[in-house]
Structures are given as C-alpha cells and as structure tokens.
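**Student:** One structure coming up, written as structure tokens, with questions to follow.
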Amino acid sequence: MADFLLELLSEEIPARMQANARNELARKFAECTSEAGLKSGPIDVYSTPRRLALIAREVAEATEASREEVKGPRASAPPQALEGFLRKTGLTKDQLAERDGVYFALIERAGRPASEILSDTVRRIVADFPWPKSMRWGDGDLRWVRPLHGIVAMLGEDIVPVEIAGTASGATTVGHRFHHPGDITIGGASDYVEKLRACHVIVDQEERERIVRDGAAAAAKEAGLTLLADEGLVVENAGLTEWPVPLVGRFDPEFLDVPREVIVLTMRTNQKYFACTNDEGLLAPAFVCVANIAANDGGEAIAQGNARVLAARLADARFFWEQDLKIPLEEQAKKLSGIVFHEKLGTVADKVERVAKLARWLVEQEVVTASPRHSRESGNSASGKRTGTPASAGVTKEELADQVERAARLAKADLVTGMVGEFPELQGVIGGYLAEAQGEAKAVADAIRDHYKPVGQGDGVPTTSVTVAVALADKLDSIAVFFGVDLKPTGSKDPFALRRAAIGSIEIIVANGLRIPLTQALRGSLANHAGQSKDSSPAHRLDRTVPEILAFFADRLKVQQREAGVRHDLIDAVFALGGEDDLVRLLARVKALQNFVETEDGTNLLVAYKRAANILKKEEWNPSDVKAGEAPPEEILLNDSLISAENAANEAIIKEDFSAAMAALASLRKPIDAFFDKVTVNVEDVGVRARRLNLLMRFRDAVNRVADFSRIEG
Amino acid sequence: MSLSFQDLILTLHQYWGAQGCVILQPYDMEMGAGTFHPATVLRSLGPEPWRAAYVQPCRRPTDGRYGENPNRLGHYYQYQVVLKPSPHDLQDLYLGSLREIGIDPLKHDIRFVEDDWESPTLGAWGLGWEVWCDGMEVTQFTYFQQVGGFECKPVTGELTYGLERLAMYIQGVDDVFDLKFNDAGVTYGDVFLENEREASEYNFEVANTERLFHSFREAVAECELCIERKLPIPAYEQAIKASHMFNTLQARGVISVAERQAYIGRVRDLSKAACAAWLEKPKGSSA
C-alpha cells in the first residue's frame, strides 16, 4: 500500500470556485476508484489559486482478481442472442458452459495494478470536471477553468503515467509565482505539503484561512484597532493567495463622512479589505488587506499602494454621496415613474402608490397601532441603534397614518440615487441616511432604512410601528400583485422572491402579534393594482387569487414554524377548517391543538376520532331516521357529553380561548371510549344502528369544529 | 526615475515588439475600448496566427467629468496586446512586461483576480482576470472564447493595460492630470485637460441628438451595404461608428432603458455580420 498524490497545476482558479472544486475532486476520485474496485484510505483535498490537489492514503497495489458467472441466453434461443452474448463477454462458444438448457459464461478478471486505474481516474477527472465555467486556450480542445499547466500524479514515489492533451504527468511542479519561480521536484504524497511550504506555498486552504483570520486580527490589534470579522473575506483572501500576509493600511479620516456601510462595502466588495473599528466601536480610517508575498520592504509599498486605490474609490463614493445629498427624496421619488417594476405590473412609482395606500390602511384598521400590541422581547429590534421603545409611541392614529404614508412614499426613492446605483445592496440603508439628513422624523427614516427587513433567516424583524406597517405593506403588495398576474413561484423557481416575502410577512405578523385579516388586505392590494391597470383582468380574478395566496401562506407558515417545533399537519388541520386568515389566531389554535394532541387524552381522542370517521366512511353514512327507545347508559352518556362539549367548544372558540376548546374535546374522551367499549354500532335493528351512526357523526363533527382531525398524523 | 507616460508606451512597444508582435498605430476611428480595433476583433477569428500590440485611444462619453475628477476621463488610452494562439507562457510574458516598466513583483503585490469579460455589442466573451497591483486593477487579461458569435479557434490571449492608471501608479501621482507626459516638463493635463472639458461639454450638453440619431442610422445602412458587397472590413468600421454614436447618445441621456437593449442588439447584429463576412473571405497575401 502507498499514498497517492495528484496535483493539477493551472493558472489562477477563481477564489469562489475552489471549495466546490475540492469537493468535486474528492467525490470524483472516490467514484472512479470505487467503480474500478480500487481500495483506498482517507482522502484529503487542497486548493490554492494555482492548484487543485488530492492525497489518498493507503491505496491498494492492485484490485483483487475476480470470477463471476454470467447467465446467457437459452440454448434454444435464436442464434443472434448467442452471438450478442459472445460479443459482450468476449468469449467463444466452446468456452461457455451449458446447464439446464441455458448458457453460462465464467468471466475471470485479473487484478489491475493501481497505477493503471489511477491513470484512468486522473484522465476522467480532468475530462469532465464540473467547473461552473470552463475555457479553451492556445490551439487545444481541452477545457479547464483556466489553462492547465501540469499534472503531478504519484503513487508512493513512482510517477503514475498519464497524458492529457499534450501535458504529461511527472513529479515536477512550481512554487510561489514570485518567491520561488523555478521548478521543484516532489518526492511523493509524503513530502508534497512540506516541499511546497519551503517554496512559499501553503497548500492547505484551512491553514491559509487561519493565517488570514488570525493574522488580520493581530495586525489590526497591533495598530490599536479591532478587526470587523468577516468569514467570507477570510475564505476569499485565502483563495487568492498562496502565501497570505495581512497588512494594515490607512485612509484619510475625512472620508468617514460617507455612510459607514458604503465604506465597508467598498472595501469588502471592490478591494477585499477587512474594516476596522476603534475603541468606541466606530469605524476607523484603516483597513487590513492581504498580500500574496512577504515583500522585500516589509509591505510598506503594498500598504501605501492599496491605500491610494482605496482613496480613489472613496473619493468616488463621496462624490456620489454629496450629489445625492443635494436632491430631496421626494424629488428622487418622482423619477420612479421612469423605472419599470415589472412589465406586467407598471412602474416602481405605481408600486409605491399601492404600498402607501396599504400601509396607511393597516394603521386605519388598527392592525398596526402606535404601541404594538405585543412586541417580542425588547432589545431584539431591527436595528442595533434603537432601544426597545417604539419610536412612534405617543402619537395619535392619524399622525401615525401620516408617518407611515410618508415613509412608504419615500422608501424606494433611493433606488435612483448614485450611491445605490453603485451599491445596489445598500438600498434602504442609503434612503435612511438621506432621510435623516433631510430632517425626516426618526421613525420615518428608520422605516425607510428597514422596510426590506427581514431579508433572510436571522435578520432582525421590524418591531416599531412605522417600519412594521411599511415593511409588511411592501411585501404583501408584491405577493398580491405577482399572484394577480399569475407570476407565482413554481418548483425551485421563485424569480421575484415571493417565498421570502411571505416568510418575511409571517415573521412580522407573528412577532408583532398583528391581527390582520389577510383576505381583506390582499383584496385591497389587488384592487389598488386593478385601479392602476388599464386592463381589467386582475380585478375579476380576485376570487381565485386570494385563496391561492392564502394556501401559499399556509405552506410558508409550515416552513417557517417548523423550526419552532410546530407540526405541519396541525397547521393543515386548522387551515382546513377554512375561513381563517388571521395568522395570529390560527397559530394560537395550532399551538393549543399541539398541546392537546400530545396529552394522553388527545392521543386517545384522536384514535377514537379515526375509528368513528372510518366507520362513517365505510358506511358512506348520511344522517337518517332513527328509532327512539331504550339506549344503553354509554350511549346516553356520549349523547349528553356531546351536547355540553359542543356548547363549551363553541363558546371557547368565539372567545379565542383555544385551550378551553381543547378541554371541551378532552371531556369527550371517556364517554367515547366507553361507547366503543360497550356499545355495538352494527346491530340488526336498522333504526338503532342509524341512531348510533348519527351519534358518531355528531362526535366527528364536534371534533372537526375545533380542527380537522383527519389531517392529523399518528 | 520613473517612466514618463510616453516612455511607458515606448517600453511596452519594445517589449512586445521583441515578442514578435506587429506594432500597430492607433486605429483612426472613435471607439470605446482597444478591443474594438479590427486587429483584435477580426484577427481573433479564423485559424491564422497573429500577434499585435498597439495603443488605442478610447472614448467613453459617459465617463467624462469635465476634467474635474482625478481618476475619470472621457478619453483615455489603452495598451492592447493580442497573441493568437495564446502562448503557454502568456502569464510569464505579461509579468515580464511589468518588470520592464519598473514593477518589482517582490515589492508589489501582483494578483490575478477572476473577471470574466463580455462585450454585448461585439457578441464576444472570454474568461480571465483583472490583474491587480497593490489592489489596483492595471490590466484586463482575457482568453477569448467567442467573438461575433463565433468560437475562437485557436484562442486569442488579450492583454489590455490601462495606461493612465499604470502610469499614475508608477509615477506615484494621485491626479491623472499631474502625470508627466515626457521628461521635458509636459504634463498629461497640459496635453488633455482642455480636451476633457470641451469633450464633456459637447457630449453631455451640446451634441445634436437628431444628427447623432441620423449618423447612427447612416452607419447602419452603410454597414449593411458593405455586408451585401462582401466587404467585411469597411462593414466592421461602420459597426464601430454605430457603436460610438450609440455611446454618445447614451451620454446625452436620450436613450431609455428599454431602448438601450434594442440599440445594443442592433450593433451586435452588425458586428456579427461583419465577422461572418470576414470568416468567409479567403485569406493570404497572394490571393
């Protein structure tokens, strides 16, 4: 047994592709060798900008010889069948054995040497490697992510011979492009990593990531600063360097007038620099870049050069910022009528108009009030700046409605600013800063900044009134109008991120305990859109679209609640009742139901329910005339219990006291168990049988009024 | 002493001339990038080997800043090198050119950062990098895969140096107009500042859009005529002209977002037709 080393040396592999390339290399190697029956131990994969490498430990010297008997055609089969079988097996007729009128072939395979299989493996890996984008170069036909320069393929100390499009394998590779430009000879898997290290190449990306992560933090600390950790940048910089050297640079503090997010983003996106903060947590006029050389001047020229590039970029950013500051947001908002939101849905200005109306309606209907009914734990607000107190507490309903409408009307204005043109990911953030700068109320500026939230899992959910109203209206509008023109998410396709919008809406509604009648809100959005549209088709689709959207919400709710441990079948059980579009009430009911079905009473009642439902289904039972008369005590008890349970459950549901409704159901458990225990339903007397079936039907229906138990699993 | 702007060009000419490149002079037409030069676009098609290097003035009307921005120009220079087929040691050759102009790769951090190239008006794309020197993009490095909608076979390697940026870097200058153009005291601003001011004013405020639209249509018609007459080079020149008219109209802000795609598509069709005609044309000096 020996270790196998493969290195594919190329021109610079994009950093973002390396992680996946390593996984694919390991996967394909394992696939090819196991198909060939070659055994090997653990596999390590490595990548640098210039190489993709694999070390497989303890590779067997050869595959084992094998004998296999293969069944062929019947002796009586037409001659073509036999010919085909001989071709397939490569044997002649007299080499076949005949038993019971059927031909058998004994296929013997000699063991193949590992080297031969590894050679094939390398060829196959290179031939169809799944790079996201690959290319040709020179006058060849081979495709690789960038031109392929060399192949090191060694089993133990021996070269595994393979030639691909004119490149032959060998033991030679190169070190660092600048520190060690000449060829180096590798002895095998055993010295590969260390030989390269001696030539200024750290092969193991995890080690480079550690150097970047720890080195950048240490460099910042040495300069009296704190690094803003950014794992994405760590991985990217490790993917761009073979010999990473973090260096601190500075920029002119005057640039700190530009919004912090802009500076951080410029550094991260354009330059791949880490940002730093000072003792007070404020952005410092400094950065950490990661060089790929240990420079002969200690990195002074590199830090200076990078600082100059950054200064030019920040000067550009400041130019846009200063231009943007000169134009009031309401002026910018006017330009939104020139931007198409979607070809079927008009302009962004049309959207703003609808969102403003819906957001205002949310306040007028008291779905959103000045002090949210029930905000989640304090300190969990959407922006770190705020305390738990809602910014709009103490304002009247009318004032709140005005603030909400103003925020909605300005919320999209930053889309036409130079700053957002340069950095689309700063939509909202820039609007928030500009609103503050032009003296808008803080609640309005906050709402403009945060109305896209929550953007993804773990993103803060808005909790202040103005933001809640605008954020929710924005999302509901998108969902309503896209569904209205039949642009719904299908399968894995959700080009307008409507699933995210629905999850965001649910999170806002649930976190703030908003009692929103979704049907009415969605109808409102669709009607607003119909009012803007020349074509009247959206209006008459209302009756179809709204139920579609509610079903979509139910699906999203199941996904969203899964993490909270809420069972999806219980959500179905409550949704199936129909007519419930208040998510807060629905969830309360689901939670009460979940508590109930997990008790002993609940489990037993569910069993009894299913039994009753099965009997009724089998009988295809419809209520019919009954025969009065003597009834056993268990039947009478069930009848009496049903009367009181029905009343109690109905009352509790009206009061939205779902635990009480479940308790009413629980009171049926003993009577129904006793009934099934002692009373026979299927008696000969048709009248008595009907009476008992009717009773079971009442039982089933009483349970179903609380939740559709037929949807509950278990 | 660091290289002046003109010595930078001369050094690159010497270097790439020694690599067997034909040293061409700038094309006598307005274009947005050195890539548009027929020595790149047309010569990257077909099997014939080709090596050329040249300076190309680039006009990007929307980038003009009235000479007030230290980093942005509406007219600037690119140094363009094309090698077909792309040689195995193209990266090393390129790095050799950086050493030649005074950049020590053990003092400065040279990096190849993923940047794929695509030109919608040329129907062309390629894979490669932007080359960084201490975080500054100094060169676009591309292996052409398709031009005019045709597969490039063999593949052309293209290097595009941003000359002003590179010179600013070498000279340690923060304002492009402060670059020393030669060693006799002439700055880049002496040569080009007034041009930038006037060109910006013309492009953003003065240019008669009606006549520009007219010129665009004329160029399209001339191009189509040349295609019909199987004259790929003049046809391609008209495509270049149409492309520049389009850029100028953009700067004047008279092309809406929706129309933009249609104009780009129009120019692409012209480029593709010219490329197709070029490929059909028999080659060889004896023909």
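Each chain in the structure tokens gets a letter, A, B, ..., in the order shown, and its residues are numbered from 1; ligands are numbered from 1 in order too.
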Once DSSP has gone over the backbone, tell me which residues of segment 28-271 of chain B are in alpha helix (DSSP H), as a VMD selection string.

**Tutor:** chain B and resid 38 to 41 90 to 100 163 to 171 188 to 201 209 to 228 232 to 251 257 to 271

**Student:** List every residue of segment 92-257 of chain A that DSSP, applied to the backbone of this structure, places in strand (DSSP E), and write the result as number ranges by chain.

**Tutor:** A: 97-99, 102-109, 148-155, 158-159, 163-164, 167-170, 172-174, 183-185, 226-227, 245-250

**Student:** Which one of B:Thr139, B:Asn247, B:Gln238, B:Gln80 sits closest to Cys21 of chain B if you count only C-alpha atoms?

**Tutor:** B:Gln80

**Student:** Quick one: of A:Ala497, A:Val248, A:Val485, A:Ala707, who's nearest to Thr545 of chain A, counting only C-alpha atoms?

**Tutor:** A:Val485

**Student:** Given only C-alpha atoms as the basis, pick out the residue of A:Val546, A:Ile653, A:Leu54, A:Ala291 nearest to Ala26 of chain A.

**Tutor:**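 Ranked by minimum distance to Ala26 of chain A, first place goes to A:Leu54.
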
**Student:** Once you count only C-alpha atoms, which residues of chain B turn out to be within 10 Å of chain A? Could you give them as a CSV table (one decimal) with C-alpha atoms, in the first residue's frame?

**Tutor:**
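The result, stored in iface_34.csv:
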chain,number,residue,atom,x,y,z
B,47,PRO,CA,-7.1,29.8,-37.8
B,49,PRO,CA,-1.7,33.0,-36.2
B,69,ASN,CA,-12.2,64.1,-11.3
B,70,PRO,CA,-8.6,63.0,-10.7
B,71,ASN,CA,-9.5,59.4,-11.8
B,72,ARG,CA,-12.1,59.6,-14.6
B,83,LEU,CA,-1.5,36.8,-29.2
B,84,LYS,CA,-3.0,34.1,-31.3
B,85,PRO,CA,-2.8,31.3,-30.4
B,86,SER,CA,-2.4,32.3,-26.8
B,87,PRO,CA,1.1,31.0,-25.8
B,88,HIS,CA,1.6,28.7,-22.9
B,89,ASP,CA,3.7,31.2,-21.1
B,90,LEU,CA,1.4,34.2,-21.6
B,91,GLN,CA,1.2,35.0,-17.9
B,92,ASP,CA,5.0,35.0,-17.6
B,95,LEU,CA,4.7,39.6,-15.8
B,104,ASP,CA,9.1,44.6,-8.8
B,105,PRO,CA,6.8,41.7,-8.0
B,106,LEU,CA,8.6,41.0,-4.8
B,107,LYS,CA,7.9,44.5,-3.6
B,108,HIS,CA,4.5,45.0,-5.1
B,109,ASP,CA,1.6,42.6,-4.8
B,110,ILE,CA,0.5,41.3,-8.2
B,111,ARG,CA,-2.7,39.2,-8.3
B,112,PHE,CA,-4.9,37.6,-10.9
B,113,VAL,CA,-8.4,38.2,-9.7
B,114,GLU,CA,-11.3,36.5,-11.5
B,115,ASP,CA,-13.0,38.8,-14.0
B,116,ASP,CA,-14.9,37.4,-17.0
B,126,GLY,CA,-13.9,35.3,-22.7
B,127,LEU,CA,-12.5,34.2,-19.3
B,128,GLY,CA,-9.6,35.7,-17.4
B,129,TRP,CA,-8.8,38.1,-14.7
B,132,TRP,CA,-4.1,43.8,-9.5
B,133,CYS,CA,-1.0,45.6,-8.5
B,134,ASP,CA,-1.3,46.5,-4.8
B,135,GLY,CA,-5.1,46.4,-5.1
B,136,MET,CA,-5.3,48.4,-8.3
B,137,GLU,CA,-6.6,47.0,-11.5
B,143,TYR,CA,-8.7,34.3,-23.2
B,144,PHE,CA,-11.2,34.9,-25.9
B,145,GLN,CA,-13.8,32.2,-26.3
B,152,CYS,CA,-12.4,31.4,-31.3
B,153,LYS,CA,-10.2,28.6,-32.5
B,154,PRO,CA,-7.4,28.9,-31.8
B,155,VAL,CA,-7.9,31.1,-28.7
B,156,THR,CA,-6.5,34.6,-28.7
B,157,GLY,CA,-5.0,35.9,-25.5
B,169,TYR,CA,0.9,54.0,-10.2
B,172,GLY,CA,3.1,57.9,-7.6
B,173,VAL,CA,0.7,60.5,-8.8
B,174,ASP,CA,-2.9,60.9,-7.4
B,175,ASP,CA,-4.3,63.1,-10.2
B,256,SER,CA,-34.3,55.0,-22.4
B,257,VAL,CA,-33.5,51.8,-20.5
B,258,ALA,CA,-35.9,49.8,-22.7

**Student:** Neighbouring residues of segment 184-187 of chain B were defined as those with any atom within 12 Å, considering only C-alpha atoms; residues of the same chain fewer than 3 positions away were excluded. Please report them as JSON, numbers by chain.

**Tutor:** {"B": [4, 5, 6, 7, 164, 167, 168, 171, 173, 175, 176, 177, 178, 179, 180, 181, 190, 191, 192, 193]}

**Student:** For atom CA of Thr48 of chain A and atom CA of Ala153 of chain A, determine how far apart the two atoms are, in Å to one decimal place.

**Tutor:**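 Pair atom CA of Thr48 of chain A / atom CA of Ala153 of chain A returns 17.2 Å.
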
**Student:** Show which residues sit within 8 Å of Ser659 of chain A, as a PyMOL selection string. Count only C-alpha atoms, and ignore same-chain residues fewer than 4 positions away.

**Tutor:** chain A and resi 592-593+663

**Student:** Counting only C-alpha atoms, what are the residues of segment 505-604 of chain A within 9 Å of segment 350-363 of chain A, and for each of them which pair of atoms is the nearest and at what distance in Å, to one decimal? Sort the table by chain and rising number, as a tab-separated table.

**Tutor:**
residue	atom	partner	partner_atom	distance
A:Ile516	CA	A:Leu362	CA	8.0
A:Ala521	CA	A:Leu358	CA	7.5
A:Gly524	CA	A:Leu358	CA	7.3
A:Ser525	CA	A:Leu358	CA	6.7
A:Asn528	CA	A:Arg354	CA	6.0
A:His529	CA	A:Arg354	CA	7.0
A:Gln532	CA	A:Asp350	CA	7.4

**Student:** Val126 of chain A: which residues within 10 Å, counting only C-alpha atoms, same-chain residues fewer than 4 positions away excluded, as a PyMOL selection string?

**Tutor:** chain A and resi 8+25+28+121-122+130+142-144+148+164

**Student:** Out of B:Gln14, B:Thr121, B:Ser271, B:Thr35, which residue has the shortest atom-to-atom distance to Glu224 of chain B when counting only C-alpha atoms?

**Tutor:**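 The shortest atom-to-atom distance to Glu224 of chain B comes from B:Ser271.
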
**Student:** With only C-alpha atoms as the basis for distance, which of B:Met31, B:Leu45, B:Val138, B:Val206 is at the shortest distance from Lys281 of chain B?

**Tutor:**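 Ranked by minimum distance to Lys281 of chain B, first place goes to B:Leu45.
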
**Student:** By how many Å are atom CA of Gly432 of chain A and atom CA of Arg449 of chain A apart?

**Tutor:**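 So the answer is 4.3 Å.
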
**Student:** Considering only C-alpha atoms, state which residue in the set A:Asp685, A:Glu261, A:Glu157, A:Asp204 is at the smallest distance from Leu52 of chain A.

**Tutor:** A:Asp204

**Student:** Could you state the separation of atom CA of Leu233 of chain A and atom CA of Thr266 of chain A in Å, given to one decimal place?

**Tutor:** 12.9 Å
